[in-house]
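Trainee: Data file work24.pdb (PDB, C-alpha atoms) is appended below.
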```pdb
ATOM      1  CA  THR N   1      21.155-207.719 -98.333
ATOM      2  CA  THR N   2      21.972-210.294 -95.695
ATOM      3  CA  THR N   3      24.972-208.833 -93.883
ATOM      4  CA  ILE N   4      25.880-205.205 -93.285
ATOM      5  CA  ALA N   5      29.566-204.416 -92.877
ATOM      6  CA  ALA N   6      31.029-201.167 -91.569
ATOM      7  CA  TYR N   7      34.598-200.014 -92.015
ATOM      8  CA  VAL N   8      35.545-197.144 -89.732
ATOM      9  CA  TYR N   9      38.291-194.746 -90.846
ATOM     10  CA  ASP N  10      40.098-191.903 -89.163
ATOM     11  CA  LEU N  11      39.547-189.118 -91.694
ATOM     12  CA  ILE N  12      42.734-187.331 -90.637
ATOM     13  CA  THR N  13      45.101-190.278 -91.125
ATOM     14  CA  GLY N  14      43.034-192.303 -93.618
ATOM     15  CA  LYS N  15      43.676-195.379 -91.468
ATOM     16  CA  ASN N  16      41.053-198.100 -91.011
ATOM     17  CA  ILE N  17      40.510-198.263 -87.248
ATOM     18  CA  GLY N  18      37.818-200.922 -87.143
ATOM     19  CA  THR N  19      35.608-203.338 -89.022
ATOM     20  CA  TYR N  20      32.164-204.390 -87.833
ATOM     21  CA  SER N  21      29.362-206.509 -89.246
ATOM     22  CA  ASP N  22      25.931-207.766 -88.325
ATOM     23  CA  LEU N  23      22.968-209.541 -89.849
ATOM     24  CA  ASN N  24      20.680-207.033 -91.584
ATOM     25  CA  GLY N  25      17.595-206.612 -89.366
ATOM     26  CA  GLN N  26      15.457-206.693 -92.496
ATOM     27  CA  VAL N  27      15.816-210.479 -92.737
ATOM     28  CA  SER N  28      12.880-210.784 -90.331
ATOM     29  CA  GLU N  29      10.721-209.317 -93.120
ATOM     30  CA  GLY N  30      12.246-211.394 -95.925
ATOM     31  CA  ALA N  31      15.533-213.110 -96.682
ATOM     32  CA  ASP N  32      15.907-211.705-100.199
ATOM     33  CA  VAL N  33      15.299-208.400-101.988
ATOM     34  CA  ILE N  34      12.308-209.665-103.979
ATOM     35  CA  THR N  35      10.452-210.640-100.789
ATOM     36  CA  ARG N  36      11.248-207.225 -99.309
ATOM     37  CA  ILE N  37      10.014-205.416-102.424
ATOM     38  CA  VAL N  38       6.778-207.421-102.254
ATOM     39  CA  ALA N  39       6.470-206.509 -98.548
ATOM     40  CA  CYS N  40       6.590-202.824 -99.525
ATOM     41  CA  ILE N  41       4.025-203.254-102.288
ATOM     42  CA  SER N  42       1.566-205.358-100.269
ATOM     43  CA  ASN N  43       1.832-203.553 -96.915
ATOM     44  CA  PRO N  44       1.424-199.754 -96.625
ATOM     45  CA  ALA N  45       3.794-199.735 -93.623
ATOM     46  CA  GLY N  46       6.277-202.118 -95.253
ATOM     47  CA  LEU N  47       8.721-199.513 -96.547
ATOM     48  CA  LYS N  48       8.852-197.656 -93.229
ATOM     49  CA  THR N  49       9.384-200.922 -91.339
ATOM     50  CA  LEU N  50      12.213-202.046 -93.621
ATOM     51  CA  GLN N  51      13.882-198.628 -93.548
ATOM     52  CA  LYS N  52      13.811-198.566 -89.726
ATOM     53  CA  LYS N  53      15.330-202.043 -89.559
ATOM     54  CA  VAL N  54      18.303-201.258 -91.814
ATOM     55  CA  VAL N  55      18.952-197.936 -90.060
ATOM     56  CA  SER N  56      18.775-199.741 -86.711
ATOM     57  CA  THR N  57      21.332-202.300 -87.896
ATOM     58  CA  ILE N  58      23.707-199.551 -89.039
ATOM     59  CA  ASN N  59      23.190-197.662 -85.775
ATOM     60  CA  GLY N  60      24.135-200.842 -83.894
ATOM     61  CA  LEU N  61      27.422-200.985 -85.804
ATOM     62  CA  ILE N  62      28.035-197.300 -85.053
ATOM     63  CA  LYS N  63      27.323-197.966 -81.359
ATOM     64  CA  ASN N  64      29.898-200.798 -81.338
ATOM     65  CA  ALA N  65      32.535-198.612 -83.005
ATOM     66  CA  VAL N  66      31.898-195.693 -80.649
ATOM     67  CA  ALA N  67      32.152-197.952 -77.580
ATOM     68  CA  GLU N  68      35.327-199.675 -78.766
ATOM     69  CA  HIS N  69      37.141-196.446 -79.634
ATOM     70  CA  GLN N  70      35.665-194.370 -76.795
ATOM     71  CA  ILE N  71      34.575-191.564 -79.082
ATOM     72  CA  SER N  72      31.397-189.552 -79.315
ATOM     73  CA  SER N  73      29.054-190.460 -82.141
ATOM     74  CA  LYS N  74      28.751-186.685 -82.683
ATOM     75  CA  ASN N  75      32.382-186.790 -83.888
ATOM     76  CA  ILE N  76      31.443-189.015 -86.822
ATOM     77  CA  TYR N  77      30.910-186.629 -89.719
ATOM     78  CA  SER N  78      30.723-188.804 -92.802
ATOM     79  CA  VAL N  79      29.163-192.100 -93.877
ATOM     80  CA  ALA N  80      29.612-193.602 -97.346
ATOM     81  CA  LEU N  81      27.229-196.402 -98.288
ATOM     82  CA  CYS N  82      26.968-198.890-101.099
ATOM     83  CA  GLY N  83      24.531-201.675-101.767
ATOM     84  CA  ASN N  84      22.332-203.193-104.389
ATOM     85  CA  SER N  85      19.436-201.301-105.954
ATOM     86  CA  ALA N  86      16.816-202.618-103.538
ATOM     87  CA  MET N  87      18.956-201.857-100.485
ATOM     88  CA  GLN N  88      19.505-198.295-101.717
ATOM     89  CA  HIS N  89      15.761-197.776-102.024
ATOM     90  CA  LEU N  90      14.957-199.367 -98.670
ATOM     91  CA  PHE N  91      17.667-197.440 -96.807
ATOM     92  CA  LEU N  92      16.683-194.087 -98.299
ATOM     93  CA  GLY N  93      12.931-194.723 -97.906
ATOM     94  CA  LEU N  94      12.319-194.731-101.655
ATOM     95  CA  HIS N  95       9.470-197.002-102.732
ATOM     96  CA  PRO N  96      10.990-199.972-104.607
ATOM     97  CA  ASP N  97       7.890-200.973-106.610
ATOM     98  CA  ASN N  98       9.565-200.148-109.967
ATOM     99  CA  LEU N  99      12.356-202.588-109.109
ATOM    100  CA  GLY N 100       9.768-205.369-108.957
ATOM    101  CA  ARG N 101       8.635-205.106-112.577
ATOM    102  CA  ALA N 102      10.147-204.564-116.013
ATOM    103  CA  PRO N 103      12.094-202.508-116.928
ATOM    104  CA  PHE N 104      13.357-202.617-113.275
ATOM    105  CA  THR N 105      14.216-198.926-112.967
ATOM    106  CA  SER N 106      15.528-197.141-109.916
ATOM    107  CA  VAL N 107      13.949-193.997-108.498
ATOM    108  CA  VAL N 108      17.349-192.263-108.615
ATOM    109  CA  GLN N 109      19.967-192.673-111.306
ATOM    110  CA  ARG N 110      22.848-190.959-109.498
ATOM    111  CA  ASP N 111      24.569-190.841-106.145
ATOM    112  CA  VAL N 112      22.563-189.509-103.206
ATOM    113  CA  VAL N 113      23.992-187.093-100.648
ATOM    114  CA  THR N 114      21.992-186.111 -97.568
ATOM    115  CA  GLU N 115      22.407-185.444 -93.839
ATOM    116  CA  ALA N 116      22.467-188.119 -91.155
ATOM    117  CA  GLY N 117      19.721-186.410 -89.163
ATOM    118  CA  ASP N 118      17.315-186.828 -92.098
ATOM    119  CA  LEU N 119      17.787-190.609 -92.029
ATOM    120  CA  GLY N 120      18.008-191.261 -88.298
ATOM    121  CA  LEU N 121      21.659-192.299 -88.266
ATOM    122  CA  ASN N 122      23.252-191.845 -84.854
ATOM    123  CA  ILE N 123      26.205-189.718 -85.894
ATOM    124  CA  ASN N 124      26.554-185.951 -86.035
ATOM    125  CA  PRO N 125      23.074-184.909 -87.288
ATOM    126  CA  ARG N 126      24.722-182.649 -89.892
ATOM    127  CA  GLY N 127      27.089-185.436 -90.924
ATOM    128  CA  VAL N 128      27.162-186.188 -94.639
ATOM    129  CA  VAL N 129      25.662-189.467 -95.817
ATOM    130  CA  HIS N 130      26.717-190.419 -99.330
ATOM    131  CA  PHE N 131      25.126-193.411-101.086
ATOM    132  CA  LEU N 132      27.249-194.314-104.107
ATOM    133  CA  PRO N 133      25.529-194.339-107.520
ATOM    134  CA  LEU N 134      23.889-197.394-109.001
ATOM    135  CA  ILE N 135      25.103-198.511-112.403
ATOM    136  CA  GLY N 136      21.579-199.406-113.520
ATOM    137  CA  GLY N 137      18.701-201.819-112.955
ATOM    138  CA  PHE N 138      20.046-204.404-110.571
ATOM    139  CA  VAL N 139      23.708-203.487-110.975
ATOM    140  CA  GLY N 140      24.091-201.659-107.700
ATOM    141  CA  ALA N 141      26.420-199.369-105.845
ATOM    142  CA  ASP N 142      28.179-202.386-104.357
ATOM    143  CA  THR N 143      29.503-203.016-107.868
ATOM    144  CA  THR N 144      30.289-199.304-108.227
ATOM    145  CA  SER N 145      32.486-199.522-105.121
ATOM    146  CA  VAL N 146      34.416-202.474-106.552
ATOM    147  CA  LEU N 147      34.986-200.565-109.800
ATOM    148  CA  LEU N 148      36.157-197.478-107.895
ATOM    149  CA  SER N 149      38.697-199.603-106.030
ATOM    150  CA  LEU N 150      40.156-200.695-109.385
ATOM    151  CA  LEU N 151      40.560-197.214-110.882
ATOM    152  CA  HIS N 152      44.066-196.836-109.525
ATOM    153  CA  GLY N 153      45.204-200.293-110.648
ATOM    154  CA  GLU N 154      46.704-201.572-113.858
ATOM    155  CA  ASP N 155      44.890-200.987-117.121
ATOM    156  CA  LYS N 156      44.230-204.640-117.899
ATOM    157  CA  MET N 157      41.117-206.614-118.764
ATOM    158  CA  ARG N 158      39.128-207.624-115.682
ATOM    159  CA  LEU N 159      36.088-209.734-114.938
ATOM    160  CA  ILE N 160      34.198-208.948-111.738
ATOM    161  CA  ILE N 161      31.534-211.385-110.524
ATOM    162  CA  ASP N 162      29.173-210.894-107.578
ATOM    163  CA  ILE N 163      26.798-213.783-106.933
ATOM    164  CA  GLY N 164      24.000-213.401-104.410
ATOM    165  CA  THR N 165      20.250-213.127-104.776
ATOM    166  CA  ASN N 166      21.209-211.006-107.730
ATOM    167  CA  GLY N 167      24.210-211.903-109.887
ATOM    168  CA  GLU N 168      26.288-209.122-111.403
ATOM    169  CA  MET N 169      29.149-209.283-113.871
ATOM    170  CA  VAL N 170      31.365-206.515-115.192
ATOM    171  CA  LEU N 171      33.911-207.088-117.954
ATOM    172  CA  GLY N 172      36.335-204.558-119.338
ATOM    173  CA  ARG N 173      39.169-202.222-118.597
ATOM    174  CA  ARG N 174      39.514-198.575-117.705
ATOM    175  CA  GLY N 175      37.562-196.527-120.249
ATOM    176  CA  LYS N 176      35.115-199.252-121.293
ATOM    177  CA  MET N 177      33.293-201.722-119.093
ATOM    178  CA  LEU N 178      30.163-203.751-119.758
ATOM    179  CA  ALA N 179      27.835-204.720-116.907
ATOM    180  CA  ALA N 180      24.954-207.174-116.640
ATOM    181  CA  SER N 181      22.824-208.689-113.916
ATOM    182  CA  THR N 182      20.477-211.608-113.504
ATOM    183  CA  ALA N 183      18.460-213.302-110.795
ATOM    184  CA  ALA N 184      20.872-215.754-109.182
ATOM    185  CA  GLY N 185      19.043-216.690-105.984
ATOM    186  CA  PRO N 186      17.761-220.026-107.314
ATOM    187  CA  ALA N 187      21.343-221.111-107.956
ATOM    188  CA  LEU N 188      22.011-220.788-104.207
ATOM    189  CA  GLU N 189      18.876-222.583-103.014
ATOM    190  CA  GLY N 190      18.433-226.311-102.330
TER     191      GLY N 190
END
```
Please rewrite the model in this file as structure tokens.
Mentor:
Amino acid sequence: TTTIAAYVYDLITGKNIGTYSDLNGQVSEGADVITRIVACISNPAGLKTLQKKVVSTINGLIKNAVAEHQISSKNIYSVALCGNSAMQHLFLGLHPDNLGRAPFTSVVQRDVVTEAGDLGLNINPRGVVHFLPLIGGFVGADTTSVLLSLLHGEDKMRLIIDIGTNGEMVLGRRGKMLAASTAAGPALEG
């Protein structure tokens, strides 16, 4: 929500060749996801504005990577994204109004695969953009990515905690995990 990080990999070698980060341009419209959801509900142009700002931030990271490695952005063929439920909606241009009221449901309940040209990302226009699936409600794809990283590890009990505007917890082991989320922003204020 606040910071966007990009990890650039050579798809032939699998090697990480760079890491980049920047403040999400959406912060000018609201520091937290609830404020951004309200901006979409109260302003007809809000969703478009927020989508452009997050795409612009990602394009800035792509520009930095391309310049550092002296490659053409047209040679970037794949982008995998993860984020919380609100960020998924805002990036994909999906109206987040259902996230702002009970039962807090997402527009999509699975991963999303599309082409970069459809979203305005400055890579190969036919490049594949894959947004990882949400777990549910406000347990987002950022948590999915953590769980995927643990699939190849030991089969022992784990507790995963992510505290931000939204707090997420996952407890379990391979085969059975329980997830929950709650508003945690007030714990970080004042």
Trainee: Just the residues within 12 Å of range 164-180 of chain N, please, counting all atoms listed in the file, with nothing from its chain fewer than 3 positions along; format it as number ranges by chain.
Mentor: N: 1-3, 31-35, 83-87, 134-144, 146-161, 183-189
Trainee: Given only C-alpha atoms as the basis, pick out the residue of N:Gly127, N:Gly30, N:Pro133, N:Pro96 nearest to Arg110 in chain N.
Mentor: N:Pro133
Trainee: Pick from N:Asn16, N:Thr49, N:Ser28, N:Ser72: nearest to Leu90 in chain N, with all atoms listed in the file counted?
Mentor: N:Thr49
Trainee: So what do you get for CA of Val8 in chain N versus CA of His69 in chain N, distance-wise?
Mentor: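 Taking CA of Val8 in chain N as the start and CA of His69 in chain N as the end point, the length is 10.2 Å.
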Trainee: Could you check how far CA of Asn98 in chain N sits from CA of Ser78 in chain N, in Å to one decimal?
Mentor: 29.5 Å
Trainee: Which residues fall under the PyMOL selection byres ((chain N and resi 93) around 7) in this file, as a PyMOL selection string?
Mentor: chain N and resi 47-48+51+89-92+94-95
Trainee: Tell me, as a VMD selection string, which residues lie within 6 Å of Gly25 in chain N, counting all atoms listed in the file; anything in the same chain fewer than 3 positions away does not count.
Mentor: chain N and resid 53 to 54 57
Trainee: Kindly resolve the PyMOL selection byres ((chain N and resi 122) around 10) on the present coordinates and return the residues as a PDB file with C-alpha atoms, in the frame of the given file.
Mentor:
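Done, and the output landed in selection16.pdb:
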```
ATOM      1  CA  VAL N  55      18.952-197.936 -90.060  1.00  0.00           C
ATOM      2  CA  SER N  56      18.775-199.741 -86.711  1.00  0.00           C
ATOM      3  CA  ILE N  58      23.707-199.551 -89.039  1.00  0.00           C
ATOM      4  CA  ASN N  59      23.190-197.662 -85.775  1.00  0.00           C
ATOM      5  CA  GLY N  60      24.135-200.842 -83.894  1.00  0.00           C
ATOM      6  CA  ILE N  62      28.035-197.300 -85.053  1.00  0.00           C
ATOM      7  CA  LYS N  63      27.323-197.966 -81.359  1.00  0.00           C
ATOM      8  CA  SER N  73      29.054-190.460 -82.141  1.00  0.00           C
ATOM      9  CA  LYS N  74      28.751-186.685 -82.683  1.00  0.00           C
ATOM     10  CA  ILE N  76      31.443-189.015 -86.822  1.00  0.00           C
ATOM     11  CA  ALA N 116      22.467-188.119 -91.155  1.00  0.00           C
ATOM     12  CA  GLY N 117      19.721-186.410 -89.163  1.00  0.00           C
ATOM     13  CA  LEU N 119      17.787-190.609 -92.029  1.00  0.00           C
ATOM     14  CA  GLY N 120      18.008-191.261 -88.298  1.00  0.00           C
ATOM     15  CA  LEU N 121      21.659-192.299 -88.266  1.00  0.00           C
ATOM     16  CA  ILE N 123      26.205-189.718 -85.894  1.00  0.00           C
ATOM     17  CA  ASN N 124      26.554-185.951 -86.035  1.00  0.00           C
ATOM     18  CA  PRO N 125      23.074-184.909 -87.288  1.00  0.00           C
ATOM     19  CA  GLY N 127      27.089-185.436 -90.924  1.00  0.00           C
TER      20      GLY N 127
END
```
Trainee: I'd like the box whose edges run along x, y and z of the file and which contains every listed atom of range 10-17 of chain N, padded by 6 Å per side; could you state its centre and edge lengths in Å, one decimal, as lines of an AutoDock Vina configuration file?
Mentor:
```
center_x = 42.3
center_y = -192.8
center_z = -90.4
size_x = 17.6
size_y = 22.9
size_z = 18.4
```
Trainee: So what do you get for CA of Ser181 in chain N versus CA of Ala45 in chain N, distance-wise?
Mentor: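 Separating CA of Ser181 in chain N from CA of Ala45 in chain N is a distance of 29.2 Å.
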Trainee: Given only C-alpha atoms as the basis, pick out the residue of N:Leu132, N:Val113, N:Leu23, N:Leu50 nearest to Ile37 in chain N.
Mentor: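 Closest candidate: N:Leu50.
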Trainee: Would you please work out which residue, of N:Thr114, N:Ser42, N:Leu61, N:Gln109, is nearest to Asn24 in chain N when using all atoms listed in the file?
Mentor: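 Of the candidates, the smallest distance to Asn24 in chain N is held by N:Leu61.
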Trainee: For each of N:Lys52, N:Thr19, N:Gln88, N:Pro44, take the minimum atom-to-atom distance to Val66 in chain N, counting only C-alpha atoms, then give the residue where this is smallest.
Mentor: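 Selected residue with least distance to Val66 in chain N: N:Thr19.
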Trainee: Kindly indicate which residue among N:Ser21, N:Gly14, N:Val128, N:Asp162 lies nearest to Asn75 in chain N, using all atoms listed in the file for the distances.
Mentor: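 Closest candidate: N:Val128.
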Trainee: Generate a file for range 40-68 of chain N, containing N, CA and C atoms, as a PDB file, in the first residue's frame.
Mentor:
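Output file result-v5.pdb is given in full below:
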```pdb
ATOM      1  N   CYS N  40     -12.628   6.235  -4.321  1.00  0.00           N
ATOM      2  CA  CYS N  40     -13.257   5.614  -5.499  1.00  0.00           C
ATOM      3  C   CYS N  40     -14.773   5.697  -5.427  1.00  0.00           C
ATOM      4  N   ILE N  41     -15.316   5.560  -4.238  1.00  0.00           N
ATOM      5  CA  ILE N  41     -16.769   5.594  -4.062  1.00  0.00           C
ATOM      6  C   ILE N  41     -17.300   7.018  -4.214  1.00  0.00           C
ATOM      7  N   SER N  42     -16.579   7.991  -3.668  1.00  0.00           N
ATOM      8  CA  SER N  42     -17.086   9.372  -3.644  1.00  0.00           C
ATOM      9  C   SER N  42     -16.735  10.193  -4.876  1.00  0.00           C
ATOM     10  N   ASN N  43     -15.786   9.729  -5.684  1.00  0.00           N
ATOM     11  CA  ASN N  43     -15.353  10.487  -6.859  1.00  0.00           C
ATOM     12  C   ASN N  43     -15.421   9.580  -8.091  1.00  0.00           C
ATOM     13  N   PRO N  44     -16.231   9.935  -9.085  1.00  0.00           N
ATOM     14  CA  PRO N  44     -16.350   9.087 -10.283  1.00  0.00           C
ATOM     15  C   PRO N  44     -15.016   8.823 -10.995  1.00  0.00           C
ATOM     16  N   ALA N  45     -14.068   9.752 -10.875  1.00  0.00           N
ATOM     17  CA  ALA N  45     -12.765   9.575 -11.520  1.00  0.00           C
ATOM     18  C   ALA N  45     -11.733   8.970 -10.571  1.00  0.00           C
ATOM     19  N   GLY N  46     -12.147   8.667  -9.337  1.00  0.00           N
ATOM     20  CA  GLY N  46     -11.212   8.193  -8.329  1.00  0.00           C
ATOM     21  C   GLY N  46     -10.494   6.912  -8.702  1.00  0.00           C
ATOM     22  N   LEU N  47     -11.217   5.919  -9.192  1.00  0.00           N
ATOM     23  CA  LEU N  47     -10.602   4.645  -9.546  1.00  0.00           C
ATOM     24  C   LEU N  47      -9.576   4.825 -10.655  1.00  0.00           C
ATOM     25  N   LYS N  48      -9.924   5.565 -11.683  1.00  0.00           N
ATOM     26  CA  LYS N  48      -9.008   5.793 -12.805  1.00  0.00           C
ATOM     27  C   LYS N  48      -7.739   6.508 -12.333  1.00  0.00           C
ATOM     28  N   THR N  49      -7.924   7.504 -11.465  1.00  0.00           N
ATOM     29  CA  THR N  49      -6.782   8.254 -10.933  1.00  0.00           C
ATOM     30  C   THR N  49      -5.853   7.340 -10.146  1.00  0.00           C
ATOM     31  N   LEU N  50      -6.427   6.534  -9.255  1.00  0.00           N
ATOM     32  CA  LEU N  50      -5.609   5.642  -8.430  1.00  0.00           C
ATOM     33  C   LEU N  50      -4.920   4.560  -9.264  1.00  0.00           C
ATOM     34  N   GLN N  51      -5.622   4.046 -10.273  1.00  0.00           N
ATOM     35  CA  GLN N  51      -5.008   3.041 -11.141  1.00  0.00           C
ATOM     36  C   GLN N  51      -3.818   3.647 -11.889  1.00  0.00           C
ATOM     37  N   LYS N  52      -3.981   4.845 -12.433  1.00  0.00           N
ATOM     38  CA  LYS N  52      -2.886   5.497 -13.162  1.00  0.00           C
ATOM     39  C   LYS N  52      -1.678   5.723 -12.261  1.00  0.00           C
ATOM     40  N   LYS N  53      -1.930   6.081 -11.011  1.00  0.00           N
ATOM     41  CA  LYS N  53      -0.822   6.367 -10.096  1.00  0.00           C
ATOM     42  C   LYS N  53      -0.026   5.109  -9.750  1.00  0.00           C
ATOM     43  N   VAL N  54      -0.689   3.981  -9.528  1.00  0.00           N
ATOM     44  CA  VAL N  54       0.056   2.765  -9.205  1.00  0.00           C
ATOM     45  C   VAL N  54       0.786   2.241 -10.438  1.00  0.00           C
ATOM     46  N   VAL N  55       0.168   2.323 -11.596  1.00  0.00           N
ATOM     47  CA  VAL N  55       0.838   1.896 -12.834  1.00  0.00           C
ATOM     48  C   VAL N  55       2.050   2.795 -13.105  1.00  0.00           C
ATOM     49  N   SER N  56       1.906   4.085 -12.859  1.00  0.00           N
ATOM     50  CA  SER N  56       3.018   5.013 -13.044  1.00  0.00           C
ATOM     51  C   SER N  56       4.180   4.678 -12.108  1.00  0.00           C
ATOM     52  N   THR N  57       3.871   4.327 -10.870  1.00  0.00           N
ATOM     53  CA  THR N  57       4.922   3.954  -9.922  1.00  0.00           C
ATOM     54  C   THR N  57       5.652   2.706 -10.403  1.00  0.00           C
ATOM     55  N   ILE N  58       4.911   1.708 -10.848  1.00  0.00           N
ATOM     56  CA  ILE N  58       5.532   0.476 -11.348  1.00  0.00           C
ATOM     57  C   ILE N  58       6.352   0.771 -12.602  1.00  0.00           C
ATOM     58  N   ASN N  59       5.829   1.606 -13.487  1.00  0.00           N
ATOM     59  CA  ASN N  59       6.577   1.962 -14.693  1.00  0.00           C
ATOM     60  C   ASN N  59       7.877   2.683 -14.352  1.00  0.00           C
ATOM     61  N   GLY N  60       7.873   3.470 -13.283  1.00  0.00           N
ATOM     62  CA  GLY N  60       9.105   4.129 -12.834  1.00  0.00           C
ATOM     63  C   GLY N  60      10.152   3.109 -12.394  1.00  0.00           C
ATOM     64  N   LEU N  61       9.714   2.059 -11.713  1.00  0.00           N
ATOM     65  CA  LEU N  61      10.635   1.006 -11.292  1.00  0.00           C
ATOM     66  C   LEU N  61      11.174   0.247 -12.499  1.00  0.00           C
ATOM     67  N   ILE N  62      10.294  -0.001 -13.475  1.00  0.00           N
ATOM     68  CA  ILE N  62      10.732  -0.656 -14.719  1.00  0.00           C
ATOM     69  C   ILE N  62      11.764   0.211 -15.430  1.00  0.00           C
ATOM     70  N   LYS N  63      11.507   1.513 -15.485  1.00  0.00           N
ATOM     71  CA  LYS N  63      12.436   2.452 -16.144  1.00  0.00           C
ATOM     72  C   LYS N  63      13.812   2.402 -15.465  1.00  0.00           C
ATOM     73  N   ASN N  64      13.836   2.363 -14.133  1.00  0.00           N
ATOM     74  CA  ASN N  64      15.106   2.285 -13.407  1.00  0.00           C
ATOM     75  C   ASN N  64      15.845   0.989 -13.724  1.00  0.00           C
ATOM     76  N   ALA N  65      15.123  -0.123 -13.762  1.00  0.00           N
ATOM     77  CA  ALA N  65      15.747  -1.414 -14.051  1.00  0.00           C
ATOM     78  C   ALA N  65      16.308  -1.448 -15.471  1.00  0.00           C
ATOM     79  N   VAL N  66      15.527  -0.953 -16.416  1.00  0.00           N
ATOM     80  CA  VAL N  66      15.949  -0.932 -17.820  1.00  0.00           C
ATOM     81  C   VAL N  66      17.211  -0.085 -17.992  1.00  0.00           C
ATOM     82  N   ALA N  67      17.239   1.080 -17.334  1.00  0.00           N
ATOM     83  CA  ALA N  67      18.409   1.965 -17.445  1.00  0.00           C
ATOM     84  C   ALA N  67      19.642   1.318 -16.808  1.00  0.00           C
ATOM     85  N   GLU N  68      19.472   0.725 -15.641  1.00  0.00           N
ATOM     86  CA  GLU N  68      20.615   0.133 -14.948  1.00  0.00           C
ATOM     87  C   GLU N  68      21.205  -1.041 -15.710  1.00  0.00           C
TER      88      GLU N  68
END
```
